[in-house]
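**Student:** So here's structure-v2.cif (mmCIF, C-alpha atoms and all ligand atoms).
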data_upload
loop_
_atom_site.label_atom_id
_atom_site.label_comp_id
_atom_site.auth_asym_id
_atom_site.auth_seq_id
_atom_site.Cartn_x
_atom_site.Cartn_y
_atom_site.Cartn_z
CA MET A 1 0.00 0.00 0.00
CA VAL A 2 2.91 2.39 0.49
CA ALA A 3 3.81 5.01 -2.07
CA GLU A 4 6.38 4.08 -4.71
CA ARG A 5 8.97 6.51 -3.29
CA MET A 6 8.99 4.70 0.05
CA LYS A 7 10.48 1.62 -1.63
CA LEU A 8 13.81 3.46 -1.75
CA VAL A 9 13.68 4.74 1.82
CA LYS A 10 14.19 2.94 5.11
CA GLY A 11 13.95 4.31 8.65
CA SER A 12 16.90 6.28 10.03
CA PRO A 13 19.55 3.90 11.41
CA THR A 14 20.72 6.46 13.98
CA VAL A 15 17.22 7.27 15.22
CA GLY A 16 16.24 3.58 15.04
CA LEU A 17 19.20 2.39 17.07
CA ALA A 18 18.52 5.02 19.73
CA GLY A 19 15.04 3.49 20.04
CA ARG A 20 16.47 -0.02 20.31
CA VAL A 21 18.81 1.10 23.10
CA ALA A 22 15.87 2.62 25.00
CA GLU A 23 13.96 -0.69 24.66
CA LEU A 24 16.89 -2.78 25.92
CA ARG A 25 17.39 -0.41 28.86
CA ALA A 26 13.69 -0.66 29.71
CA GLN A 27 14.23 -4.43 29.95
CA GLY A 28 16.93 -3.77 32.54
CA GLU A 29 19.94 -4.23 30.22
CA ASP A 30 23.07 -2.18 30.92
CA VAL A 31 23.59 -0.74 27.43
CA ILE A 32 26.20 1.94 26.80
CA SER A 33 25.12 3.98 23.81
CA LEU A 34 27.69 5.53 21.53
CA ALA A 35 25.03 5.53 18.81
CA ALA A 36 22.97 8.66 18.17
CA GLY A 37 24.94 11.90 18.23
CA GLU A 38 23.39 13.87 21.05
CA PRO A 39 25.31 15.96 23.60
CA ASP A 40 24.88 14.57 27.12
CA PHE A 41 24.90 18.06 28.67
CA PRO A 42 21.71 19.80 29.82
CA THR A 43 20.48 22.76 27.78
CA PRO A 44 22.06 25.83 29.50
CA ALA A 45 19.76 27.23 32.21
CA HIS A 46 19.37 30.72 30.74
CA ILE A 47 18.00 29.22 27.52
CA VAL A 48 15.50 27.07 29.41
CA GLN A 49 14.51 30.13 31.45
CA ALA A 50 13.78 32.16 28.32
CA ALA A 51 11.46 29.47 26.99
CA LYS A 52 9.74 29.11 30.39
CA GLU A 53 9.11 32.84 30.50
CA ALA A 54 7.71 32.70 26.98
CA LEU A 55 5.29 29.97 28.06
CA ASP A 56 4.27 31.89 31.17
CA GLN A 57 3.61 34.95 29.05
CA GLY A 58 1.33 32.96 26.77
CA PHE A 59 3.70 32.91 23.81
CA THR A 60 2.06 29.71 22.63
CA LYS A 61 0.56 30.50 19.25
CA TYR A 62 1.70 30.30 15.64
CA THR A 63 4.57 32.60 14.79
CA PRO A 64 5.23 34.05 11.34
CA SER A 65 6.21 31.10 9.14
CA PRO A 66 9.85 32.15 8.65
CA GLY A 67 10.29 32.73 12.39
CA ILE A 68 10.01 35.51 14.98
CA PRO A 69 11.77 38.73 13.89
CA GLU A 70 14.17 38.84 16.86
CA LEU A 71 15.45 35.33 16.17
CA ARG A 72 15.82 35.97 12.43
CA GLU A 73 17.72 39.13 13.31
CA ALA A 74 19.98 37.33 15.81
CA ILE A 75 20.76 34.55 13.31
CA ALA A 76 21.48 37.08 10.55
CA GLU A 77 23.81 39.10 12.80
CA GLN A 78 25.69 35.99 13.86
CA SER A 79 25.92 34.78 10.23
CA VAL A 80 27.66 38.04 9.37
CA SER A 81 29.89 38.38 12.43
CA ARG A 82 30.89 34.73 12.93
CA ASN A 83 30.70 33.33 9.44
CA GLY A 84 31.12 36.23 7.02
CA ILE A 85 27.83 35.34 5.31
CA PRO A 86 26.20 38.52 3.96
CA ALA A 87 22.79 37.75 5.49
CA ARG A 88 20.00 40.02 6.69
CA ALA A 89 16.94 38.97 8.69
CA GLU A 90 14.97 38.51 5.44
CA ASN A 91 17.48 35.81 4.43
CA VAL A 92 16.70 33.63 7.46
CA LEU A 93 14.11 30.86 7.74
CA VAL A 94 13.75 29.40 11.23
CA SER A 95 12.95 25.68 11.00
CA PRO A 96 13.92 22.43 12.71
CA THR A 97 17.37 21.70 11.22
CA LYS A 98 16.41 18.40 9.66
CA HIS A 99 13.28 19.97 8.23
CA ALA A 100 15.27 22.87 6.77
CA LEU A 101 17.34 20.30 4.87
CA PHE A 102 14.29 18.32 3.83
CA ALA A 103 12.36 21.40 2.69
CA SER A 104 15.41 22.56 0.69
CA MET A 105 15.56 19.20 -1.10
CA MET A 106 11.82 19.36 -1.78
CA ALA A 107 12.17 22.90 -3.12
CA PHE A 108 15.11 22.32 -5.46
CA ALA A 109 15.31 18.66 -6.45
CA GLY A 110 12.65 16.58 -8.18
CA PRO A 111 12.24 13.70 -10.62
CA GLY A 112 15.05 13.67 -13.18
CA ASP A 113 17.32 15.86 -11.04
CA GLU A 114 20.59 14.71 -9.51
CA VAL A 115 21.95 15.61 -6.09
CA LEU A 116 25.65 15.14 -5.32
CA VAL A 117 26.28 13.81 -1.81
CA SER A 118 29.52 12.73 -0.12
CA ASP A 119 30.03 9.03 0.65
CA PRO A 120 30.38 8.58 3.58
CA GLY A 121 27.78 11.16 4.52
CA TRP A 122 25.09 11.66 7.15
CA VAL A 123 22.35 9.02 7.15
CA SER A 124 19.44 11.26 6.14
CA TYR A 125 20.73 12.97 2.98
CA LEU A 126 20.08 10.07 0.59
CA PRO A 127 16.59 9.32 1.97
CA MET A 128 15.73 13.03 1.68
CA VAL A 129 16.84 13.06 -1.97
CA HIS A 130 14.71 9.97 -2.63
CA LEU A 131 11.70 11.47 -0.82
CA ALA A 132 12.02 14.50 -3.09
CA GLY A 133 11.90 12.12 -6.07
CA ALA A 134 15.42 13.02 -7.23
CA THR A 135 18.46 10.80 -7.73
CA PRO A 136 21.38 10.88 -5.28
CA VAL A 137 24.88 10.70 -6.78
CA PRO A 138 27.39 9.58 -4.13
CA VAL A 139 30.88 11.06 -4.34
CA PRO A 140 33.52 9.01 -2.50
CA THR A 141 35.64 10.94 0.00
CA PRO A 142 38.58 8.66 0.86
CA GLU A 143 40.58 8.90 4.08
CA ALA A 144 43.70 9.85 2.06
CA GLY A 145 42.01 13.16 1.20
CA GLY A 146 40.97 13.78 4.80
CA PHE A 147 37.41 12.58 4.02
CA ALA A 148 36.54 15.87 2.29
CA LEU A 149 34.83 16.27 -1.07
CA THR A 150 37.38 17.31 -3.68
CA PRO A 151 36.42 19.55 -6.60
CA GLU A 152 37.99 16.91 -8.92
CA ALA A 153 35.80 14.06 -7.65
CA VAL A 154 32.71 16.27 -7.77
CA ALA A 155 33.53 17.57 -11.27
CA GLU A 156 33.66 14.00 -12.63
CA ARG A 157 30.05 13.44 -11.57
CA ILE A 158 28.44 16.68 -12.72
CA THR A 159 25.86 16.28 -15.49
CA PRO A 160 23.30 18.67 -17.02
CA ARG A 161 20.86 17.25 -14.44
CA THR A 162 22.90 18.23 -11.39
CA ARG A 163 20.79 20.56 -9.29
CA LEU A 164 22.33 20.46 -5.83
CA LEU A 165 25.60 19.63 -4.11
CA VAL A 166 25.32 18.74 -0.43
CA VAL A 167 28.30 19.85 1.65
CA ASN A 168 28.60 18.95 5.33
CA THR A 169 31.43 20.55 7.24
CA PRO A 170 32.39 19.60 9.91
CA ASN A 171 31.34 16.21 8.62
CA ASN A 172 29.19 13.53 10.21
CA PRO A 173 30.43 10.74 10.44
CA THR A 174 34.11 11.41 9.57
CA GLY A 175 34.75 14.59 11.58
CA ALA A 176 36.38 16.21 8.51
CA VAL A 177 36.60 20.00 8.56
CA TYR A 178 36.78 21.20 4.96
CA GLY A 179 39.68 23.47 4.02
CA LEU A 180 39.42 26.79 2.22
CA ALA A 181 40.80 25.55 -1.11
CA ALA A 182 38.33 22.64 -1.34
CA LEU A 183 35.36 24.83 -0.47
CA ARG A 184 36.40 27.51 -2.95
CA GLY A 185 36.78 24.84 -5.62
CA LEU A 186 33.30 23.49 -4.88
CA ALA A 187 31.79 26.98 -4.94
CA ASP A 188 33.48 27.64 -8.31
CA LEU A 189 32.04 24.42 -9.75
CA ALA A 190 28.55 25.44 -8.63
CA GLU A 191 28.95 28.74 -10.45
CA ASP A 192 30.48 27.26 -13.60
CA HIS A 193 27.86 24.51 -13.90
CA ASP A 194 24.93 26.46 -12.53
CA PHE A 195 23.81 24.34 -9.58
CA LEU A 196 23.07 25.15 -5.92
CA ILE A 197 25.03 24.23 -2.80
CA LEU A 198 23.15 22.99 0.23
CA THR A 199 25.63 23.22 3.08
CA ASP A 200 24.95 21.67 6.48
CA GLU A 201 27.14 23.37 9.07
CA ILE A 202 25.43 22.13 12.25
CA TYR A 203 28.77 21.06 13.82
CA GLU A 204 30.31 24.46 13.08
CA ARG A 205 31.25 25.21 16.69
CA ILE A 206 32.58 21.73 17.50
CA VAL A 207 36.04 22.02 15.97
CA TYR A 208 39.34 20.95 17.57
CA GLU A 209 41.79 21.41 14.73
CA GLY A 210 41.77 23.90 11.88
CA GLN A 211 38.95 26.35 11.35
CA HIS A 212 35.38 26.19 10.10
CA HIS A 213 34.69 28.10 6.89
CA ALA A 214 31.19 28.88 5.67
CA VAL A 215 30.71 28.18 1.95
CA ALA A 216 28.36 31.17 1.62
CA SER A 217 31.10 33.57 2.76
CA PHE A 218 33.09 33.22 -0.48
CA PRO A 219 32.73 36.00 -3.03
CA GLY A 220 29.74 35.25 -5.26
CA ALA A 221 28.84 32.03 -3.41
CA PHE A 222 26.01 33.45 -1.28
CA GLU A 223 23.80 33.79 -4.38
CA ARG A 224 23.68 30.02 -4.91
CA THR A 225 24.10 28.64 -1.41
CA ILE A 226 21.59 27.48 1.18
CA THR A 227 23.29 27.31 4.58
CA VAL A 228 21.61 25.10 7.16
CA ASN A 229 22.57 25.17 10.81
CA GLY A 230 20.91 24.61 14.16
CA PHE A 231 20.85 24.72 17.94
CA SER A 232 20.83 20.96 18.62
CA LYS A 233 24.55 20.31 18.93
CA THR A 234 25.90 23.77 19.82
CA TYR A 235 23.59 24.34 22.78
CA SER A 236 22.57 20.76 23.52
CA MET A 237 19.01 21.45 22.34
CA THR A 238 18.19 18.30 20.33
CA GLY A 239 14.66 18.03 21.70
CA TRP A 240 13.80 21.64 20.93
CA ARG A 241 13.75 20.92 17.19
CA LEU A 242 15.19 24.29 16.26
CA GLY A 243 17.53 25.36 13.49
CA TRP A 244 17.58 27.56 10.40
CA ALA A 245 18.33 28.04 6.73
CA VAL A 246 20.06 31.14 5.37
CA ALA A 247 19.78 31.91 1.65
CA PRO A 248 19.06 34.68 -0.84
CA VAL A 249 15.40 35.70 -0.68
CA ASP A 250 14.49 34.09 -4.02
CA LEU A 251 15.90 30.72 -2.85
CA LEU A 252 14.40 31.01 0.62
CA LYS A 253 10.89 31.61 -0.71
CA PRO A 254 10.22 28.10 -2.11
CA ILE A 255 11.75 26.55 1.04
CA ASN A 256 9.37 28.65 3.11
CA THR A 257 6.48 27.52 0.91
CA VAL A 258 7.29 23.89 1.83
CA GLN A 259 7.44 24.94 5.48
CA GLN A 260 4.05 26.69 5.27
CA HIS A 261 2.48 23.48 3.97
CA SER A 262 4.25 21.16 6.41
CA VAL A 263 5.16 22.43 9.90
CA THR A 264 3.89 26.04 9.38
CA CYS A 265 6.55 27.49 11.69
CA ALA A 266 9.04 26.38 14.33
CA THR A 267 7.71 26.01 17.89
CA SER A 268 6.97 29.48 19.32
CA PHE A 269 8.52 29.27 22.79
CA ALA A 270 11.50 27.26 21.49
CA GLN A 271 12.29 30.24 19.26
CA LYS A 272 12.55 32.48 22.35
CA GLY A 273 15.06 29.97 23.74
CA GLY A 274 16.96 30.29 20.46
CA VAL A 275 17.27 34.06 20.90
CA ALA A 276 18.67 33.52 24.42
CA ALA A 277 21.12 30.92 23.08
CA ILE A 278 22.59 33.32 20.50
CA ARG A 279 22.45 36.51 22.56
CA GLY A 280 23.34 34.99 25.95
CA PRO A 281 26.62 33.79 27.51
CA GLN A 282 28.65 31.37 25.37
CA GLU A 283 30.63 29.87 28.29
CA PRO A 284 28.51 26.68 28.50
CA LEU A 285 29.32 25.97 24.84
CA GLU A 286 33.02 26.57 25.38
CA ALA A 287 33.03 24.27 28.41
CA MET A 288 31.18 21.56 26.47
CA VAL A 289 33.58 21.68 23.51
CA GLY A 290 36.54 21.58 25.93
CA GLU A 291 35.10 18.45 27.47
CA PHE A 292 34.49 16.89 24.02
CA ALA A 293 38.16 17.56 23.16
CA ARG A 294 39.33 15.65 26.26
CA ARG A 295 36.98 12.76 25.46
CA LYS A 296 38.17 12.69 21.86
CA ASP A 297 41.73 12.12 23.04
CA LEU A 298 40.59 9.39 25.41
CA VAL A 299 38.51 7.61 22.76
CA VAL A 300 40.99 7.87 19.88
CA GLU A 301 43.82 6.61 22.09
CA GLY A 302 41.63 3.86 23.55
CA LEU A 303 40.42 2.66 20.14
CA ASN A 304 43.90 2.62 18.61
CA ALA A 305 45.11 0.54 21.56
CA ILE A 306 42.70 -2.24 20.56
CA PRO A 307 44.37 -4.66 18.11
CA GLY A 308 42.62 -4.66 14.74
CA LEU A 309 41.08 -1.19 15.17
CA GLN A 310 42.32 2.11 13.75
CA CYS A 311 40.92 5.55 14.24
CA ALA A 312 42.27 8.90 13.01
CA GLU A 313 41.77 12.05 15.10
CA PRO A 314 38.56 13.77 14.02
CA PRO A 315 39.25 17.51 13.52
CA GLY A 316 35.61 18.29 14.35
CA THR A 317 32.24 16.86 15.57
CA PHE A 318 31.94 14.31 18.40
CA TYR A 319 32.29 11.17 16.33
CA ALA A 320 35.09 8.64 16.07
CA TRP A 321 35.11 6.95 12.65
CA ALA A 322 36.97 3.71 13.29
CA ARG A 323 38.15 1.08 10.82
CA TYR A 324 38.43 -2.59 11.77
CA ASP A 325 40.52 -5.32 10.14
CA GLU A 326 38.14 -8.21 10.56
CA ASP A 327 36.37 -9.48 7.44
CA LEU A 328 32.82 -8.87 8.63
CA ASP A 329 30.24 -6.43 7.29
CA SER A 330 29.59 -3.41 9.47
CA VAL A 331 25.96 -4.26 10.24
CA ALA A 332 27.04 -7.67 11.55
CA MET A 333 29.90 -6.04 13.44
CA ALA A 334 27.64 -3.49 15.15
CA GLU A 335 25.16 -6.23 15.99
CA ARG A 336 27.88 -8.42 17.46
CA ILE A 337 29.14 -5.56 19.63
CA LEU A 338 25.63 -4.82 20.86
CA GLU A 339 24.73 -8.48 21.49
CA LYS A 340 28.01 -9.51 23.12
CA VAL A 341 29.00 -6.49 25.20
CA ARG A 342 25.98 -4.19 25.08
CA VAL A 343 27.67 -1.22 23.44
CA ALA A 344 25.63 0.51 20.73
CA VAL A 345 27.57 1.88 17.73
CA ILE A 346 26.41 2.77 14.21
CA PRO A 347 27.51 0.48 11.35
CA GLY A 348 29.63 2.39 8.83
CA VAL A 349 27.52 1.33 5.86
CA ALA A 350 24.63 3.39 7.28
CA PHE A 351 26.61 6.39 5.97
CA GLY A 352 27.13 4.96 2.48
CA LYS A 353 28.95 2.16 0.68
CA GLU A 354 32.31 3.75 1.46
CA GLY A 355 31.55 3.35 5.15
CA GLU A 356 31.76 -0.44 4.98
CA GLY A 357 34.40 -1.88 7.31
CA ARG A 358 33.89 0.93 9.80
CA ILE A 359 31.83 1.82 12.84
CA ARG A 360 30.89 5.27 14.15
CA LEU A 361 31.18 5.93 17.86
CA SER A 362 29.79 9.10 19.44
CA PHE A 363 31.80 10.56 22.30
CA ALA A 364 29.01 12.90 23.35
CA THR A 365 28.71 10.49 26.28
CA SER A 366 30.13 10.73 29.83
CA THR A 367 33.83 9.96 30.33
CA GLU A 368 32.90 7.19 32.72
CA ASP A 369 30.69 5.50 30.12
CA LEU A 370 33.34 5.98 27.45
CA LYS A 371 35.93 4.23 29.63
CA ARG A 372 33.52 1.37 30.31
CA ALA A 373 32.65 1.13 26.61
CA LEU A 374 36.33 1.00 25.60
CA ALA A 375 36.94 -1.83 28.07
CA ARG A 376 33.99 -3.74 26.63
CA LEU A 377 35.14 -3.14 23.05
CA ARG A 378 38.55 -4.51 23.96
CA GLU A 379 36.81 -7.65 25.23
CA VAL A 380 34.92 -8.29 22.01
CA LEU A 381 37.43 -7.00 19.43
CA GLY A 382 40.86 -7.14 21.03
N1 LIG B 1 22.74 17.39 10.01
C1 LIG B 1 23.64 16.56 10.56
C2 LIG B 1 24.95 16.35 9.88
C3 LIG B 1 23.33 15.89 11.75
O1 LIG B 1 24.23 15.06 12.30
C4 LIG B 1 22.06 16.08 12.34
C5 LIG B 1 21.71 15.28 13.55
N2 LIG B 1 21.20 15.89 14.55
C6 LIG B 1 21.17 16.97 11.71
C7 LIG B 1 21.54 17.59 10.55
C8 LIG B 1 19.80 17.22 12.23
O2 LIG B 1 19.80 18.09 13.30
P1 LIG B 1 18.49 18.37 14.18
O3 LIG B 1 18.43 17.30 15.17
O4 LIG B 1 18.76 19.70 14.78
O5 LIG B 1 17.32 18.37 13.26
N1 LIG B 2 22.45 13.46 13.80
C1 LIG B 2 22.65 12.56 14.90
C2 LIG B 2 23.39 11.33 14.40
O1 LIG B 2 23.88 11.29 13.31
C3 LIG B 2 21.36 12.27 15.60
C4 LIG B 2 20.42 11.29 14.96
C5 LIG B 2 19.99 11.76 13.60
O2 LIG B 2 19.28 12.74 13.52
O3 LIG B 2 20.45 11.13 12.64
O4 LIG B 2 23.50 10.38 15.12
#
Would you mind writing the file's structure down as structure tokens?
**Tutor:**
Amino acid sequence: MVAERMKLVKGSPTVGLAGRVAELRAQGEDVISLAAGEPDFPTPAHIVQAAKEALDQGFTKYTPSPGIPELREAIAEQSVSRNGIPARAENVLVSPTKHALFASMMAFAGPGDEVLVSDPGWVSYLPMVHLAGATPVPVPTPEAGGFALTPEAVAERITPRTRLLVVNTPNNPTGAVYGLAALRGLADLAEDHDFLILTDEIYERIVYEGQHHAVASFPGAFERTITVNGFSKTYSMTGWRLGWAVAPVDLLKPINTVQQHSVTCATSFAQKGGVAAIRGPQEPLEAMVGEFARRKDLVVEGLNAIPGLQCAEPPGTFYAWARYDEDLDSVAMAERILEKVRVAVIPGVAFGKEGEGRIRLSFATSTEDLKRALARLREVLG
């Protein structure tokens, strides 16, 4: 009975595994989850307070579809000052991050169109392309090139049907932080071949090595770039479902049309929390990223100490992207780890064919749990 397009789309492996962990825990199992990428810190108190006050003041109705003016203004100001993106409030659409990506795909890719996506790449890009009725074109990003899309590899796959290139920096699952030259090269290709860039920069603030660069900050790039970002990772606000898209007004309009016919607007009181997050103290974020950096060192060292496992330092995000020597597919490997030692990890193939032979481990988990998980992994793999 399901629609034809659903034949190409399965449930999200990251979201699904998080559900499986919750079920096992409800049965009394001691499962350590390094699966879904979700900071283990509470949302900073001043952000929660702002949303509480909004609720108490009855700020519980629809907002304008693109978002409340003060949040659009705050996002635009930060896009200019932090990222060098020439945005004004009219260039901002407030939307749950995942929905901003989905609505952008719906707005710009349809049957017959091709969307270039890195392989490995985040689990939801390909399903979103399929749901839009378009065709995903994976572009391998080998470890030798630091897991970043190269203009050469992208250029080889451009056709007259290419409509969108998805960029994700810092990258989930590899942790790659794209360099200036690569991003410039990608922006030039978009201009030369007349396609759009959809760039997902949600891990922008979680960088340990190098520097984050926004694609839309390059001369001429803003005109053909949709920048998506959000509060989930930066301020530990995953449950708030709040993020944004920044784009030229003519590109933002069709995305907003999809939003008007789907979620209407982002949650009203959550948007007030968003204003507090951007305008308020940034110390909680700095403390969180400092803690992630310490955990990264612990996890990378711990994984590399296990015979048959290798893991490079991720320059950004809170994921370790580990390779194993054993001749076993990654789904079977993740299942074995979960069954035998009750540690949940994501199989590499969930991120694309190039992810086979790998597992992704999130270190947005307490140091104590990470130490216990490493000991368990040593038991089953070492
Ligand atoms: N993009 C990437 C690369 C992600 O890892 C995630 C996962 N949270 C999202 C987008 C979606 O973010 P949100 O939960 O804010 O919708
Ligand atoms: N983005 C996180 C992850 O990759 C959370 C789950 C999801 O939305 O995919 O694990």
**Student:** Skipping near chain neighbours, those fewer than 6 positions away, what residues fall within 9 Å of region 74-90 of chain A using only C-alpha atoms, listed as a PyMOL selection string?
**Tutor:** chain A and resi 66+212-218+222+244+246-249+252+274-275+278-279
**Student:** Kindly work out which residues sit at most 7 Å from ligand LIG 1 (chain B), using all atoms listed in the file, and give the list as an MDAnalysis selection string.
**Tutor:** chainID A and resid 37 96:99 122 168 171:172 200 202 230:232 238 241:243
**Student:** Enumerate, in order of chain and increasing residue number, the residues of region 16-97 of chain A with an atom no farther than 10 Å from region 357-369 of chain A, each with its shortest atom pair and distance in Å to one decimal, counting all atoms listed in the file, as JSON lines.
**Tutor:**
{"residue": "A:Val31", "atom": "CA", "partner": "A:Asp369", "partner_atom": "CA", "distance": 9.8}
{"residue": "A:Ile32", "atom": "CA", "partner": "A:Asp369", "partner_atom": "CA", "distance": 6.6}
{"residue": "A:Ser33", "atom": "CA", "partner": "A:Thr365", "partner_atom": "CA", "distance": 7.8}
{"residue": "A:Leu34", "atom": "CA", "partner": "A:Ser362", "partner_atom": "CA", "distance": 4.6}
{"residue": "A:Ala35", "atom": "CA", "partner": "A:Ser362", "partner_atom": "CA", "distance": 6.0}
{"residue": "A:Ala36", "atom": "CA", "partner": "A:Ser362", "partner_atom": "CA", "distance": 7.0}
{"residue": "A:Gly37", "atom": "CA", "partner": "A:Ser362", "partner_atom": "CA", "distance": 5.7}
{"residue": "A:Glu38", "atom": "CA", "partner": "A:Ala364", "partner_atom": "CA", "distance": 6.1}
{"residue": "A:Pro39", "atom": "CA", "partner": "A:Ala364", "partner_atom": "CA", "distance": 4.8}
{"residue": "A:Asp40", "atom": "CA", "partner": "A:Thr365", "partner_atom": "CA", "distance": 5.7}
{"residue": "A:Phe41", "atom": "CA", "partner": "A:Ala364", "partner_atom": "CA", "distance": 8.5}
**Student:** Restricting the calculation to all atoms listed in the file: of A:Thr135, A:Ser104, A:Asn91, A:Ser12, which residue gets closest to ligand LIG 2 (chain B)?
**Tutor:** A:Ser12
**Student:** Measuring between only C-alpha atoms and all ligand atoms, which one of A:Arg224, A:Arg72, A:Lys233, A:Arg163 shows the shortest distance to ligand LIG 2 (chain B)?
**Tutor:**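 Nearest candidate to ligand LIG 2 (chain B) out of A:Arg224, A:Arg72, A:Lys233, A:Arg163: A:Lys233.
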**Student:** Quick check, in Å to one decimal: how far apart do CA of Pro142 (chain A) and CA of Glu356 (chain A) lie?
**Tutor:**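 CA of Pro142 (chain A) sits 12.1 Å away from CA of Glu356 (chain A).
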**Student:** Would you write out, as CSV, a table of all residues in region 102-168 of chain A that have an atom no more than 9 Å from an atom of region 253-269 of chain A, listing for each the closest atom pair and the distance in Å to one decimal, considering all atoms listed in the file and ordering rows by chain and rising residue number?
**Tutor:**
residue,atom,partner,partner_atom,distance
A:Ala103,CA,A:Ile255,CA,5.4
A:Ser104,CA,A:Ile255,CA,5.4
A:Met105,CA,A:Ile255,CA,8.6
A:Met106,CA,A:Val258,CA,7.4
A:Ala107,CA,A:Ile255,CA,5.6
A:Phe108,CA,A:Pro254,CA,8.3
**Student:** Quick one: pull the distance between CA of His46 (chain A) and CA of Ala270 (chain A), Å, one decimal.
**Tutor:**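 Value for the CA of His46 (chain A)-CA of Ala270 (chain A) distance: 12.6 Å.
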**Student:** What gap, in Å, lies between CA of Lys371 (chain A) and CA of Arg295 (chain A)?
**Tutor:**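 These atoms are spaced 9.6 Å apart.
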**Student:** Restricting the calculation to only C-alpha atoms and all ligand atoms, which member of A:Gly175, A:Glu291, A:Asp325, A:Arg378 is positioned closest to ligand LIG 2 (chain B)?
**Tutor:**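 Selected residue with least distance to ligand LIG 2 (chain B): A:Gly175.
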**Student:** In terms of the shortest atom-to-atom distance over only C-alpha atoms and all ligand atoms, which of A:Val300, A:Ala344, A:Val139, A:Ile47 is closest to ligand LIG 2 (chain B)?
**Tutor:** A:Ala344
**Student:** Between A:Gly19, A:Val92, A:Glu156, A:Glu114, single out the one closest to ligand LIG 2 (chain B), counting only C-alpha atoms and all ligand atoms.
**Tutor:** A:Gly19
**Student:** Calculated over all atoms listed in the file, which of the candidates A:Ala373, A:Ala181, A:Ile346, A:Ala293 has the smallest distance to ligand LIG 2 (chain B)?
**Tutor:** A:Ile346
**Student:** Using 3 Å of padding on each side, determine the axis-aligned box around all atoms of ligand LIG 2 (chain B) present in the file and give its centre and edge lengths in Å to one decimal, as AutoDock Vina command-line options.
**Tutor:**
--center_x 21.6 --center_y 11.9 --center_z 14.1 --size_x 10.6 --size_y 9.1 --size_z 9.0
**Student:** With all atoms listed in the file as the counted atoms, please give the residues lying no more than 12 Å from Pro120 (chain A), apart from itself and same-chain residues fewer than 3 positions off, as a ChimeraX atom specification.
**Tutor:** /A:117,123-126,137-143,146-149,167-168,171-176,321,347-360
